[in-house]
Each structure stands twice: as structure tokens, then as C-alpha cells.
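J.: run-v5.pdb (PDB, C-alpha atoms) pasted underneath:
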ATOM      1  CA  MET N  25      55.681  46.384  -3.783
ATOM      2  CA  LYS N  26      54.964  42.759  -2.917
ATOM      3  CA  GLU N  27      53.457  40.748  -5.793
ATOM      4  CA  LEU N  28      49.647  40.690  -5.663
ATOM      5  CA  PRO N  29      48.207  37.128  -5.761
ATOM      6  CA  ILE N  30      45.821  37.901  -8.631
ATOM      7  CA  SER N  31      45.782  37.417 -12.393
ATOM      8  CA  ILE N  32      44.736  40.323 -14.618
ATOM      9  CA  LEU N  33      43.548  40.578 -18.210
ATOM     10  CA  TYR N  34      44.092  44.124 -19.491
ATOM     11  CA  VAL N  35      42.372  45.235 -22.697
ATOM     12  CA  GLU N  36      43.470  48.392 -24.516
ATOM     13  CA  ASP N  37      43.446  49.148 -28.244
ATOM     14  CA  GLU N  38      46.289  51.683 -28.075
ATOM     15  CA  HIS N  39      49.686  50.005 -28.229
ATOM     16  CA  VAL N  40      51.566  52.757 -26.363
ATOM     17  CA  ILE N  41      49.186  52.620 -23.395
ATOM     18  CA  LEU N  42      49.288  48.806 -23.387
ATOM     19  CA  GLN N  43      53.092  48.879 -23.274
ATOM     20  CA  SER N  44      53.094  51.304 -20.360
ATOM     21  CA  VAL N  45      50.623  49.076 -18.487
ATOM     22  CA  LYS N  46      52.916  46.124 -19.089
ATOM     23  CA  GLU N  47      55.869  48.024 -17.631
ATOM     24  CA  LEU N  48      53.746  49.121 -14.664
ATOM     25  CA  LEU N  49      52.228  45.771 -13.734
ATOM     26  CA  GLU N  50      54.724  43.093 -14.734
ATOM     27  CA  GLY N  51      56.172  41.548 -11.593
ATOM     28  CA  LYS N  52      53.540  43.194  -9.412
ATOM     29  CA  VAL N  53      50.731  40.680 -10.093
ATOM     30  CA  ARG N  54      50.798  36.895 -10.339
ATOM     31  CA  ASN N  55      49.858  36.778 -14.034
ATOM     32  CA  LEU N  56      49.311  39.547 -16.586
ATOM     33  CA  TYR N  57      47.562  39.018 -19.919
ATOM     34  CA  LEU N  58      47.347  41.802 -22.513
ATOM     35  CA  ALA N  59      44.929  42.175 -25.424
ATOM     36  CA  MET N  60      44.383  44.888 -28.036
ATOM     37  CA  SER N  61      40.779  43.961 -28.876
ATOM     38  CA  ALA N  62      37.733  42.559 -27.149
ATOM     39  CA  HIS N  63      37.756  39.457 -29.386
ATOM     40  CA  GLU N  64      41.388  38.719 -28.503
ATOM     41  CA  ALA N  65      40.614  39.350 -24.838
ATOM     42  CA  LEU N  66      37.694  36.933 -24.890
ATOM     43  CA  GLU N  67      39.891  34.121 -26.218
ATOM     44  CA  LEU N  68      42.508  34.841 -23.554
ATOM     45  CA  PHE N  69      39.814  34.862 -20.889
ATOM     46  CA  LYS N  70      38.421  31.492 -21.979
ATOM     47  CA  LYS N  71      41.921  30.027 -21.794
ATOM     48  CA  HIS N  72      43.199  31.526 -18.513
ATOM     49  CA  LYS N  73      40.091  32.585 -16.504
ATOM     50  CA  PRO N  74      41.827  35.545 -14.786
ATOM     51  CA  ASP N  75      40.622  37.064 -11.510
ATOM     52  CA  VAL N  76      40.266  40.603 -12.912
ATOM     53  CA  VAL N  77      39.377  42.030 -16.314
ATOM     54  CA  ILE N  78      40.284  45.684 -16.952
ATOM     55  CA  THR N  79      39.039  47.154 -20.190
ATOM     56  CA  ASP N  80      38.482  50.396 -21.988
ATOM     57  CA  ILE N  81      34.893  51.015 -23.112
ATOM     58  CA  ARG N  82      35.408  52.328 -26.626
ATOM     59  CA  MET N  83      37.185  49.900 -28.918
ATOM     60  CA  PRO N  84      36.642  48.990 -32.560
ATOM     61  CA  GLY N  85      34.358  45.992 -33.129
ATOM     62  CA  MET N  86      33.133  44.575 -29.850
ATOM     63  CA  ASP N  87      33.263  47.299 -27.173
ATOM     64  CA  GLY N  88      34.255  46.928 -23.528
ATOM     65  CA  LEU N  89      30.716  46.552 -22.226
ATOM     66  CA  GLU N  90      29.946  43.723 -24.645
ATOM     67  CA  LEU N  91      33.167  42.016 -23.587
ATOM     68  CA  LEU N  92      32.263  42.241 -19.910
ATOM     69  CA  ARG N  93      28.806  40.793 -20.581
ATOM     70  CA  GLU N  94      30.434  37.735 -22.189
ATOM     71  CA  VAL N  95      32.972  37.446 -19.364
ATOM     72  CA  LYS N  96      30.214  37.504 -16.750
ATOM     73  CA  LYS N  97      28.466  34.615 -18.512
ATOM     74  CA  LEU N  98      31.655  32.539 -18.414
ATOM     75  CA  LYS N  99      32.783  33.246 -14.822
ATOM     76  CA  ARG N 100      30.465  35.140 -12.542
ATOM     77  CA  ASP N 101      32.993  35.863  -9.781
ATOM     78  CA  THR N 102      35.508  37.648 -12.042
ATOM     79  CA  LYS N 103      36.095  41.236 -10.960
ATOM     80  CA  LEU N 104      35.217  43.710 -13.717
ATOM     81  CA  VAL N 105      36.950  47.087 -14.039
ATOM     82  CA  ILE N 106      36.241  49.782 -16.600
ATOM     83  CA  LEU N 107      39.104  52.113 -17.456
ATOM     84  CA  THR N 108      37.879  55.066 -19.471
ATOM     85  CA  ALA N 109      38.039  58.774 -20.062
ATOM     86  CA  PHE N 110      34.288  58.837 -20.780
ATOM     87  CA  GLY N 111      31.829  59.405 -17.964
ATOM     88  CA  LYS N 112      28.536  59.571 -19.795
ATOM     89  CA  GLN N 113      25.585  58.325 -17.751
ATOM     90  CA  ASN N 114      24.459  55.701 -20.289
ATOM     91  CA  TYR N 115      27.830  53.968 -20.029
ATOM     92  CA  LEU N 116      27.732  54.063 -16.260
ATOM     93  CA  MET N 117      24.201  52.658 -16.009
ATOM     94  CA  ASP N 118      24.990  49.865 -18.486
ATOM     95  CA  ALA N 119      28.144  49.036 -16.559
ATOM     96  CA  ILE N 120      26.272  48.908 -13.248
ATOM     97  CA  THR N 121      23.677  46.597 -14.803
ATOM     98  CA  ILE N 122      26.415  44.238 -15.991
ATOM     99  CA  GLY N 123      27.931  44.164 -12.500
ATOM    100  CA  VAL N 124      31.117  46.190 -12.881
ATOM    101  CA  ASP N 125      33.101  46.355  -9.645
ATOM    102  CA  LYS N 126      35.195  49.504 -10.253
ATOM    103  CA  PHE N 127      35.539  52.545 -12.534
ATOM    104  CA  ILE N 128      39.028  53.968 -13.035
ATOM    105  CA  LEU N 129      39.370  57.170 -15.052
ATOM    106  CA  LYS N 130      42.198  57.961 -17.427
ATOM    107  CA  PRO N 131      44.880  59.221 -17.243
ATOM    108  CA  ILE N 132      46.283  56.605 -14.870
ATOM    109  CA  GLU N 133      48.291  57.629 -11.830
ATOM    110  CA  GLU N 134      50.626  54.847 -10.791
ATOM    111  CA  ASP N 135      50.193  55.047  -7.007
ATOM    112  CA  SER N 136      46.395  55.289  -7.055
ATOM    113  CA  TYR N 137      46.198  52.601  -9.733
ATOM    114  CA  LEU N 138      48.243  50.129  -7.682
ATOM    115  CA  LYS N 139      46.143  50.955  -4.618
ATOM    116  CA  GLU N 140      42.969  50.124  -6.580
ATOM    117  CA  LEU N 141      44.490  46.787  -7.583
ATOM    118  CA  GLN N 142      45.496  46.133  -3.949
ATOM    119  CA  ASP N 143      41.886  46.739  -2.895
ATOM    120  CA  LEU N 144      40.659  44.346  -5.589
ATOM    121  CA  SER N 145      43.171  41.720  -4.477
ATOM    122  CA  ASN N 146      42.026  42.018  -0.855
ATOM    123  CA  SER N 147      38.408  41.752  -1.940
ATOM    124  CA  ILE N 148      39.102  38.628  -4.034
ATOM    125  CA  ARG N 149      41.027  36.996  -1.189
ATOM    126  CA  LEU N 150      38.233  37.719   1.292
ATOM    127  CA  GLU N 151      35.576  36.391  -1.084
ATOM    128  CA  LYS N 152      37.598  33.214  -1.665
ATOM    129  CA  GLN N 153      37.978  32.726   2.086
ATOM    130  CA  LEU N 154      34.253  33.228   2.630
ATOM    131  CA  ARG N 155      33.437  30.886  -0.260
ATOM    132  CA  LEU N 156      35.780  28.193   1.073
ATOM    133  CA  GLU N 157      34.327  28.593   4.556
ATOM    134  CA  GLU N 158      30.788  28.271   3.171
ATOM    135  CA  GLU N 159      31.797  25.169   1.185
ATOM    136  CA  ARG N 160      33.360  23.655   4.323
ATOM    137  CA  ARG N 161      30.236  24.471   6.318
ATOM    138  CA  LYS N 162      27.962  22.892   3.691
ATOM    139  CA  LYS N 163      30.182  19.812   3.505
ATOM    140  CA  ALA N 164      30.202  19.458   7.292
ATOM    141  CA  GLN N 165      26.425  19.889   7.390
ATOM    142  CA  GLN N 166      25.984  17.289   4.656
ATOM    143  CA  GLU N 167      28.288  14.829   6.450
ATOM    144  CA  LEU N 168      26.351  15.407   9.689
ATOM    145  CA  GLU N 169      23.007  14.805   7.964
ATOM    146  CA  GLU N 170      24.332  11.627   6.346
ATOM    147  CA  ALA N 171      25.698  10.411   9.693
ATOM    148  CA  ASN N 172      22.330  11.073  11.338
ATOM    149  CA  LYS N 173      20.566   9.164   8.562
ATOM    150  CA  ARG N 174      22.900   6.212   9.070
ATOM    151  CA  LEU N 175      22.349   6.336  12.835
ATOM    152  CA  SER N 176      18.584   6.507  12.339
ATOM    153  CA  LYS N 177      18.710   3.525   9.995
ATOM    154  CA  LEU N 178      20.907   1.542  12.395
ATOM    155  CA  ALA N 179      18.490   2.293  15.241
ATOM    156  CA  ARG N 180      15.666   0.743  13.207
ATOM    157  CA  THR N 181      17.499  -2.180  11.599
ATOM    158  CA  ASP N 182      18.281  -5.657  12.846
ATOM    159  CA  PRO N 183      22.088  -5.949  12.476
ATOM    160  CA  LEU N 184      22.094  -9.637  11.480
ATOM    161  CA  THR N 185      19.332  -9.786   8.884
ATOM    162  CA  GLY N 186      19.118  -6.163   7.730
ATOM    163  CA  LEU N 187      15.346  -6.248   8.286
ATOM    164  CA  SER N 188      13.336  -3.830  10.393
ATOM    165  CA  ASN N 189      13.810  -4.351  14.119
ATOM    166  CA  ARG N 190      10.976  -4.468  16.656
ATOM    167  CA  ARG N 191      11.041  -0.679  17.164
ATOM    168  CA  ASP N 192      10.745   0.038  13.439
ATOM    169  CA  VAL N 193       7.948  -2.501  12.995
ATOM    170  CA  TYR N 194       5.986  -0.959  15.866
ATOM    171  CA  GLU N 195       6.305   2.513  14.314
ATOM    172  CA  LYS N 196       5.145   1.276  10.904
ATOM    173  CA  ILE N 197       2.172  -0.572  12.400
ATOM    174  CA  GLU N 198       1.218   2.586  14.319
ATOM    175  CA  TYR N 199       1.356   4.528  11.052
ATOM    176  CA  GLU N 200      -0.883   1.919   9.381
ATOM    177  CA  ILE N 201      -3.374   2.197  12.246
ATOM    178  CA  ARG N 202      -3.547   5.986  11.757
ATOM    179  CA  ARG N 203      -4.120   5.383   8.051
ATOM    180  CA  PHE N 204      -6.890   2.903   8.924
ATOM    181  CA  GLU N 205      -8.648   5.622  10.924
ATOM    182  CA  ARG N 206      -8.945   7.667   7.733
ATOM    183  CA  SER N 207      -9.375   5.038   5.006
ATOM    184  CA  LYS N 208     -10.826   2.064   6.922
ATOM    185  CA  GLU N 209      -8.487  -0.170   4.902
ATOM    186  CA  GLY N 210      -7.417  -3.057   7.127
ATOM    187  CA  PHE N 211      -4.081  -4.825   7.181
ATOM    188  CA  ALA N 212      -2.731  -8.201   8.204
ATOM    189  CA  ILE N 213      -0.152  -9.082  10.826
ATOM    190  CA  VAL N 214       1.763 -12.330  10.275
ATOM    191  CA  ILE N 215       4.214 -13.819  12.782
ATOM    192  CA  GLY N 216       6.444 -16.731  11.786
ATOM    193  CA  ASP N 217       8.696 -18.907  13.915
ATOM    194  CA  ILE N 218      11.329 -21.293  12.526
ATOM    195  CA  ASP N 219      10.543 -24.877  13.481
ATOM    196  CA  ASP N 220      13.140 -26.682  15.614
ATOM    197  CA  PHE N 221      15.697 -23.921  15.142
ATOM    198  CA  LYS N 222      17.541 -25.070  18.262
ATOM    199  CA  ASP N 223      18.584 -28.205  16.377
ATOM    200  CA  VAL N 224      20.404 -26.079  13.775
ATOM    201  CA  ASN N 225      22.374 -24.239  16.466
ATOM    202  CA  ASP N 226      23.088 -27.394  18.477
ATOM    203  CA  ASN N 227      24.130 -29.564  15.511
ATOM    204  CA  LEU N 228      25.854 -27.042  13.210
ATOM    205  CA  GLY N 229      26.745 -24.147  15.486
ATOM    206  CA  HIS N 230      25.479 -20.612  15.945
ATOM    207  CA  ASP N 231      27.243 -19.374  12.793
ATOM    208  CA  ALA N 232      25.083 -21.769  10.804
ATOM    209  CA  GLY N 233      22.049 -20.482  12.696
ATOM    210  CA  ASP N 234      22.946 -16.899  11.775
ATOM    211  CA  PHE N 235      23.365 -17.987   8.149
ATOM    212  CA  VAL N 236      19.869 -19.514   8.183
ATOM    213  CA  LEU N 237      18.337 -16.375   9.698
ATOM    214  CA  PHE N 238      20.057 -14.127   7.150
ATOM    215  CA  SER N 239      19.076 -16.328   4.180
ATOM    216  CA  LEU N 240      15.487 -16.697   5.372
ATOM    217  CA  ALA N 241      15.145 -12.938   5.906
ATOM    218  CA  HIS N 242      16.103 -12.199   2.306
ATOM    219  CA  GLN N 243      13.938 -15.004   0.970
ATOM    220  CA  ILE N 244      10.851 -13.597   2.725
ATOM    221  CA  ARG N 245      11.664 -10.010   1.705
ATOM    222  CA  SER N 246      12.001 -11.043  -1.944
ATOM    223  CA  MET N 247       8.473 -12.504  -1.971
ATOM    224  CA  LEU N 248       6.694  -9.474  -0.534
ATOM    225  CA  ARG N 249       5.449  -6.287  -2.144
ATOM    226  CA  LYS N 250       7.339  -3.021  -1.817
ATOM    227  CA  GLN N 251       4.769  -1.614   0.623
ATOM    228  CA  ASP N 252       4.866  -4.689   2.889
ATOM    229  CA  VAL N 253       6.945  -4.622   6.065
ATOM    230  CA  VAL N 254       9.026  -7.532   7.326
ATOM    231  CA  GLY N 255      11.092  -7.496  10.478
ATOM    232  CA  ARG N 256      12.934  -9.725  12.870
ATOM    233  CA  TRP N 257      10.679  -9.975  15.882
ATOM    234  CA  GLY N 258      13.264 -11.646  18.082
ATOM    235  CA  GLY N 259      15.321 -14.839  18.124
ATOM    236  CA  GLU N 260      14.047 -17.023  15.282
ATOM    237  CA  GLU N 261      10.758 -15.119  14.907
ATOM    238  CA  PHE N 262       9.804 -12.878  11.996
ATOM    239  CA  ILE N 263       6.873 -10.497  11.664
ATOM    240  CA  MET N 264       5.172  -9.203   8.532
ATOM    241  CA  MET N 265       2.712  -6.339   8.168
ATOM    242  CA  LEU N 266       0.718  -6.452   4.919
ATOM    243  CA  PRO N 267      -1.121  -3.158   4.220
ATOM    244  CA  ASN N 268      -4.581  -3.170   2.614
ATOM    245  CA  THR N 269      -4.750  -6.965   2.848
ATOM    246  CA  LYS N 270      -7.710  -9.034   3.968
ATOM    247  CA  LEU N 271      -7.491 -12.454   5.592
ATOM    248  CA  GLU N 272      -7.786 -14.494   2.406
ATOM    249  CA  GLY N 273      -5.073 -12.492   0.653
ATOM    250  CA  ALA N 274      -2.786 -12.765   3.683
ATOM    251  CA  LYS N 275      -3.276 -16.549   3.778
ATOM    252  CA  ILE N 276      -2.362 -16.882   0.085
ATOM    253  CA  ILE N 277       0.822 -14.771   0.423
ATOM    254  CA  THR N 278       1.903 -16.516   3.635
ATOM    255  CA  GLU N 279       1.277 -19.996   2.252
ATOM    256  CA  LYS N 280       3.462 -19.216  -0.778
ATOM    257  CA  ILE N 281       6.253 -18.107   1.546
ATOM    258  CA  ARG N 282       5.863 -21.183   3.766
ATOM    259  CA  LYS N 283       6.006 -23.532   0.761
ATOM    260  CA  SER N 284       9.025 -21.718  -0.708
ATOM    261  CA  ILE N 285      10.918 -22.105   2.577
ATOM    262  CA  GLU N 286       9.967 -25.759   2.843
ATOM    263  CA  ASP N 287      11.248 -26.451  -0.678
ATOM    264  CA  LYS N 288      14.542 -24.602  -0.356
ATOM    265  CA  VAL N 289      17.772 -26.398   0.547
ATOM    266  CA  MET N 290      20.476 -24.136   1.998
ATOM    267  CA  HIS N 291      24.170 -24.968   1.642
ATOM    268  CA  TYR N 292      26.509 -24.022   4.455
ATOM    269  CA  LYS N 293      30.136 -25.220   4.590
ATOM    270  CA  GLY N 294      29.369 -28.418   2.735
ATOM    271  CA  LYS N 295      26.236 -29.104   4.774
ATOM    272  CA  GLU N 296      22.677 -29.086   3.463
ATOM    273  CA  ILE N 297      20.136 -27.351   5.677
ATOM    274  CA  SER N 298      16.373 -27.659   5.254
ATOM    275  CA  ILE N 299      13.994 -25.831   7.523
ATOM    276  CA  THR N 300      10.287 -25.169   7.895
ATOM    277  CA  ILE N 301       8.388 -22.334   9.514
ATOM    278  CA  THR N 302       5.018 -21.957  11.192
ATOM    279  CA  PHE N 303       2.948 -18.793  10.707
ATOM    280  CA  GLY N 304       0.066 -17.175  12.573
ATOM    281  CA  ILE N 305      -2.152 -14.515  10.971
ATOM    282  CA  ALA N 306      -4.393 -11.810  12.423
ATOM    283  CA  VAL N 307      -6.239  -9.074  10.547
ATOM    284  CA  PHE N 308      -6.657  -5.512  11.806
ATOM    285  CA  ASP N 309     -10.036  -4.483  10.379
ATOM    286  CA  GLU N 310     -11.572  -2.606  13.306
ATOM    287  CA  MET N 311     -10.166  -0.233  15.884
ATOM    288  CA  GLN N 312      -8.328  -2.178  18.562
ATOM    289  CA  PRO N 313      -5.060  -1.867  20.492
ATOM    290  CA  MET N 314      -2.093  -2.752  18.318
ATOM    291  CA  ASN N 315      -0.802  -5.290  20.827
ATOM    292  CA  ASP N 316      -4.144  -7.150  20.749
ATOM    293  CA  CYS N 317      -3.764  -7.776  17.021
ATOM    294  CA  ILE N 318      -0.142  -8.898  17.456
ATOM    295  CA  LYS N 319      -1.167 -11.181  20.342
ATOM    296  CA  ARG N 320      -3.863 -12.818  18.213
ATOM    297  CA  ALA N 321      -1.298 -13.549  15.473
ATOM    298  CA  ASP N 322       1.071 -14.948  18.102
ATOM    299  CA  THR N 323      -1.670 -17.162  19.557
ATOM    300  CA  ALA N 324      -2.460 -18.485  16.073
ATOM    301  CA  LEU N 325       1.243 -19.214  15.561
ATOM    302  CA  TYR N 326       1.442 -21.387  18.672
ATOM    303  CA  GLU N 327      -1.755 -23.141  17.699
ATOM    304  CA  GLY N 328       0.087 -24.056  14.498
ATOM    305  CA  LYS N 329       3.016 -25.372  16.560
ATOM    306  CA  ARG N 330       0.620 -27.485  18.566
ATOM    307  CA  LYS N 331      -0.950 -28.886  15.397
ATOM    308  CA  GLY N 332       2.385 -30.145  14.084
ATOM    309  CA  LYS N 333       4.320 -27.118  12.756
ATOM    310  CA  ASN N 334       5.059 -26.089   9.155
ATOM    311  CA  CYS N 335       1.620 -24.587   8.582
ATOM    312  CA  VAL N 336      -0.313 -21.317   8.360
ATOM    313  CA  VAL N 337      -2.984 -20.694  11.000
ATOM    314  CA  GLU N 338      -5.409 -17.777  11.152
ATOM    315  CA  SER N 339      -6.563 -16.225  14.406
ATOM    316  CA  GLU N 340     -10.080 -16.854  15.640
TER     317      GLU N 340
END
Show me the file's structure as C-alpha cells.

T.:
Amino acid sequence: MKELPISILYVEDEHVILQSVKELLEGKVRNLYLAMSAHEALELFKKHKPDVVITDIRMPGMDGLELLREVKKLKRDTKLVILTAFGKQNYLMDAITIGVDKFILKPIEEDSYLKELQDLSNSIRLEKQLRLEEERRKKAQQELEEANKRLSKLARTDPLTGLSNRRDVYEKIEYEIRRFERSKEGFAIVIGDIDDFKDVNDNLGHDAGDFVLFSLAHQIRSMLRKQDVVGRWGGEEFIMMLPNTKLEGAKIITEKIRKSIEDKVMHYKGKEISITITFGIAVFDEMQPMNDCIKRADTALYEGKRKGKNCVVESE
């Protein structure tokens, strides 16, 4: 008989029977562990975690059923086999409750006994295959979900600055408008445009311009609340959406950002770069098309450019 790819713990308190089992099974299973008491068996189980536990029911001290209860706590997928000459119903019901997989009655017949072990081996192999397949399926599903999350994030993120892109900003403003319909809590839209940004690109190169955009994006983000939205609106323009914010509050926040940008000196490849930015503000406090509110902020921005740049202008 070809060796079965399973490990077995056999528990029997009669030495003669245990010796005959050893002679019968050695070389026919991958590993064989023998114990003459439930306590000894439990220690062997903790150490080796075999695939199958075969035990008599009646043994001095801890009986076979108690042993199998402890085994099931330690490794739920272990196959449990009761080998006994007793067929009383109370034993059978207790065994079924524990989750015993097979009953084999004494005396043992070699051919039928080996066939039972072959069946157990096939069952274990099938269960392992199904478990591995389920684990592979779950892993593949998890990897797919993570890939979709990354794709979704990339579709809503500006690749240079890491801020929301125009699509993401639009979606978040639409959500805030729906919230306004219920709560009547307005919000502010702020659009900022870097002053004379073309000079940075022309004098220091586009890499320097990208550096400025990246640095400015993180500077603005660091000064806003968690619930605020900031995105790259296009080119050297940024947009902010400030939930539950009235005009005066929006002006205070935006002025702090403008002043912080004005005061900061950036260092790029040994060059010092100072920039300013002009902002326009509009408040959404009554039902109106989203683009109307954005257009009012944009109009205020260009009024600020006309007035001399580096300022905060509110819409009329």
C-alpha cells in the first residue's frame, strides 16, 4: 500500500493493542504518534498537530470524549475518530455533538481499517484543496478590490500635486449642494491663481514650476480643516471648497493662506523662489447652479488680478 499523506495520533491504554497498531500503520502513513493516555495524547497533539486523532472512549483519567473536546479547541479541522467496542447511545450523541468524523468498532480488521484511513486521507486532501482554492479566491478578490481603489483614487487625483482633480472637486461640490438642500448650511468656493507664474517657468524651467505647484499644494492643504476640499483646478489655479463657512470666515481663512504664501521662501537647486497668489471667493447660500457659484469666484479672482494681484477679493 502506498504511504498515506496524513499524520495520525493513536490513543489506546492497552499496550498489546497499541503495539499491533504500530505494526499495522508504520510505513503506511506519513507520521504515526502513539499514546497510552489522554493526557499524554494531548501533549503530543499540542506538539505535532496531526491530521487525525483516533482514540478509544474508555480510558482511566481523562476519557476519549474529553480528549476530543480539547483537540477540537486547539485545531478545528483535525479529523476525529472514535475506536470502541461500546455502542451506547449516550456516547454516540456526545461524540456527534463534539464533531466526530468516524466511528470504528473493535475488533479491528486490517483491510477495512486501512480503507477507512484511505477515505479519511482523501477527505483531508479534498478539504485542503478547497481551503487553498478559497484562500486564493479571497486573495484575488482582495487584490482586485485594492486595484480598483487605487484606480478610483488615481481617477480623482491630480498626479503632480496629489490634490483632488477637477472631476473630484465637482463631485464633492455636488455632494455639498445636496447637503445644503437638507441643512441649509452654505459653503464657500475659493479659487486662487499664482501671480506671474509664467516667469517661474521661463526663468527657472518647468521643473521649478512643478516644484512650486507641489510645494504650494501641500502648504494650502496643511492650513485647511479636514472637511475642507482643495484641488488643482488647472494650470497654476487651485480651488477650495469650505463646508459650513460663511463669507467672513472664508475671507479670514483665505487671507491667512495668502499671507503664508507671501511670506514663504522656497529653495530649489540653490535658487530662492518667492511667489504670491490672488484669490476670489463666492458663497453658496441659496439654491443656484454650481457653475454660477464657481463663475462668481472666478470673476472675483480676476478682479483681484486687475487691482494689482496678491489679494483676496469677494464676489459681488

J.: Quick check on the file I pasted: which residues fall under the PyMOL selection byres ((chain N and resi 260) around 6)? Write them as a ChimeraX atom specification.

T.: /N:217-218,259,261

J.: For the structure shown, which residues end up in the PyMOL selection byres ((chain N and resi 234) around 12)? Put them as a list in words, please?

T.: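 For this structure, the PyMOL selection byres ((chain N and resi 234) around 12) captures Pro183, Leu184, Thr185, Phe221, Lys222, Val224, Asn225, Leu228, Gly229, His230, Asp231, Ala232, Gly233, Phe235, Val236, Leu237, Phe238, Ser239, Leu240, Ala241, Gly259, Glu260 and Tyr292 of chain N.
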
J.: Got a sec: who's within 8 Å of Gly123 (chain N), counting only C-alpha atoms, leaving out chain neighbours fewer than 3 positions off, as a compact mmCIF listing (two decimals) with C-alpha atoms, in the coordinates of the input?

T.:
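Once written, part.txt looks like this:
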# COMPACT_ATOMS: atom_id res chain seq x y z
CA LEU N 104 35.22 43.71 -13.72
CA ALA N 119 28.14 49.04 -16.56
CA ILE N 120 26.27 48.91 -13.25

J.: Run the PyMOL selection byres ((chain N and resi 191) around 10) against the file shown and list the residues it catches, as a ChimeraX atom specification.

T.: /N:179-182,188-190,192-196,255,257

J.: Which residue, N:Val337, N:Leu129, N:Met265, N:Met314, has the smallest gap to Arg282 (chain N) when you use all atoms listed in the file?

T.: N:Val337

J.: For a test of reading the model, state the distance in Å between CA of Asn315 (chain N) and CA of Lys283 (chain N), rounded to one decimal.

T.: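 Separation of CA of Asn315 (chain N) and CA of Lys283 (chain N): 28.0 Å.
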
J.: Need to verify the contact set: Ala62 (chain N), 7 Å, only C-alpha atoms, exclusion of same-chain residues closer than 4 positions in sequence. Can you return it as a ChimeraX atom specification?

T.: /N:35,66,86-88,91

J.: Enter the distance from CA of Lys46 (chain N) to CA of Leu58 (chain N), in Å, rounded to one decimal.

T.: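 Separating CA of Lys46 (chain N) from CA of Leu58 (chain N) is a distance of 7.8 Å.
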
J.: Quote the spacing between CA of Ala324 (chain N) and CA of Ile305 (chain N) in Å to one decimal place.

T.: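 One can read the CA of Ala324 (chain N) to CA of Ile305 (chain N) distance as 6.5 Å.
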
J.: Can you work out which one of N:Ile299, N:Leu92, N:Leu266, N:Ala274 has the shortest atom-to-atom distance to Asp223 (chain N), counting only C-alpha atoms?

T.: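 Of the candidates, the smallest distance to Asp223 (chain N) is held by N:Ile299.
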
J.: Taking N, CA and C atoms as the atom set, what does region 200-212 of chain N look like once completed, written as a tab-separated table (two decimals), in the frame of the given file?

T.:
chain	number	residue	atom	x	y	z
N	200	GLU	N	0.18	2.59	10.13
N	200	GLU	CA	-0.88	1.92	9.38
N	200	GLU	C	-2.21	2.02	10.12
N	201	ILE	N	-2.15	2.02	11.46
N	201	ILE	CA	-3.37	2.20	12.25
N	201	ILE	C	-3.94	3.60	12.04
N	202	ARG	N	-3.07	4.61	12.01
N	202	ARG	CA	-3.55	5.99	11.76
N	202	ARG	C	-4.16	6.08	10.36
N	203	ARG	N	-3.56	5.39	9.41
N	203	ARG	CA	-4.12	5.38	8.05
N	203	ARG	C	-5.47	4.68	8.03
N	204	PHE	N	-5.62	3.63	8.83
N	204	PHE	CA	-6.89	2.90	8.92
N	204	PHE	C	-8.00	3.81	9.44
N	205	GLU	N	-7.65	4.70	10.37
N	205	GLU	CA	-8.65	5.62	10.92
N	205	GLU	C	-9.24	6.50	9.84
N	206	ARG	N	-8.46	6.81	8.82
N	206	ARG	CA	-8.94	7.67	7.73
N	206	ARG	C	-9.60	6.86	6.61
N	207	SER	N	-8.94	5.77	6.21
N	207	SER	CA	-9.38	5.04	5.01
N	207	SER	C	-10.22	3.82	5.29
N	208	LYS	N	-10.14	3.30	6.54
N	208	LYS	CA	-10.83	2.06	6.92
N	208	LYS	C	-10.32	0.86	6.12
N	209	GLU	N	-9.10	0.96	5.60
N	209	GLU	CA	-8.49	-0.17	4.90
N	209	GLU	C	-7.67	-0.97	5.91
N	210	GLY	N	-8.08	-2.23	6.14
N	210	GLY	CA	-7.42	-3.06	7.13
N	210	GLY	C	-6.07	-3.58	6.65
N	211	PHE	N	-5.37	-4.23	7.53
N	211	PHE	CA	-4.08	-4.82	7.18
N	211	PHE	C	-3.90	-6.11	7.97
N	212	ALA	N	-2.97	-6.92	7.55
N	212	ALA	CA	-2.73	-8.20	8.20
N	212	ALA	C	-1.39	-8.19	8.93
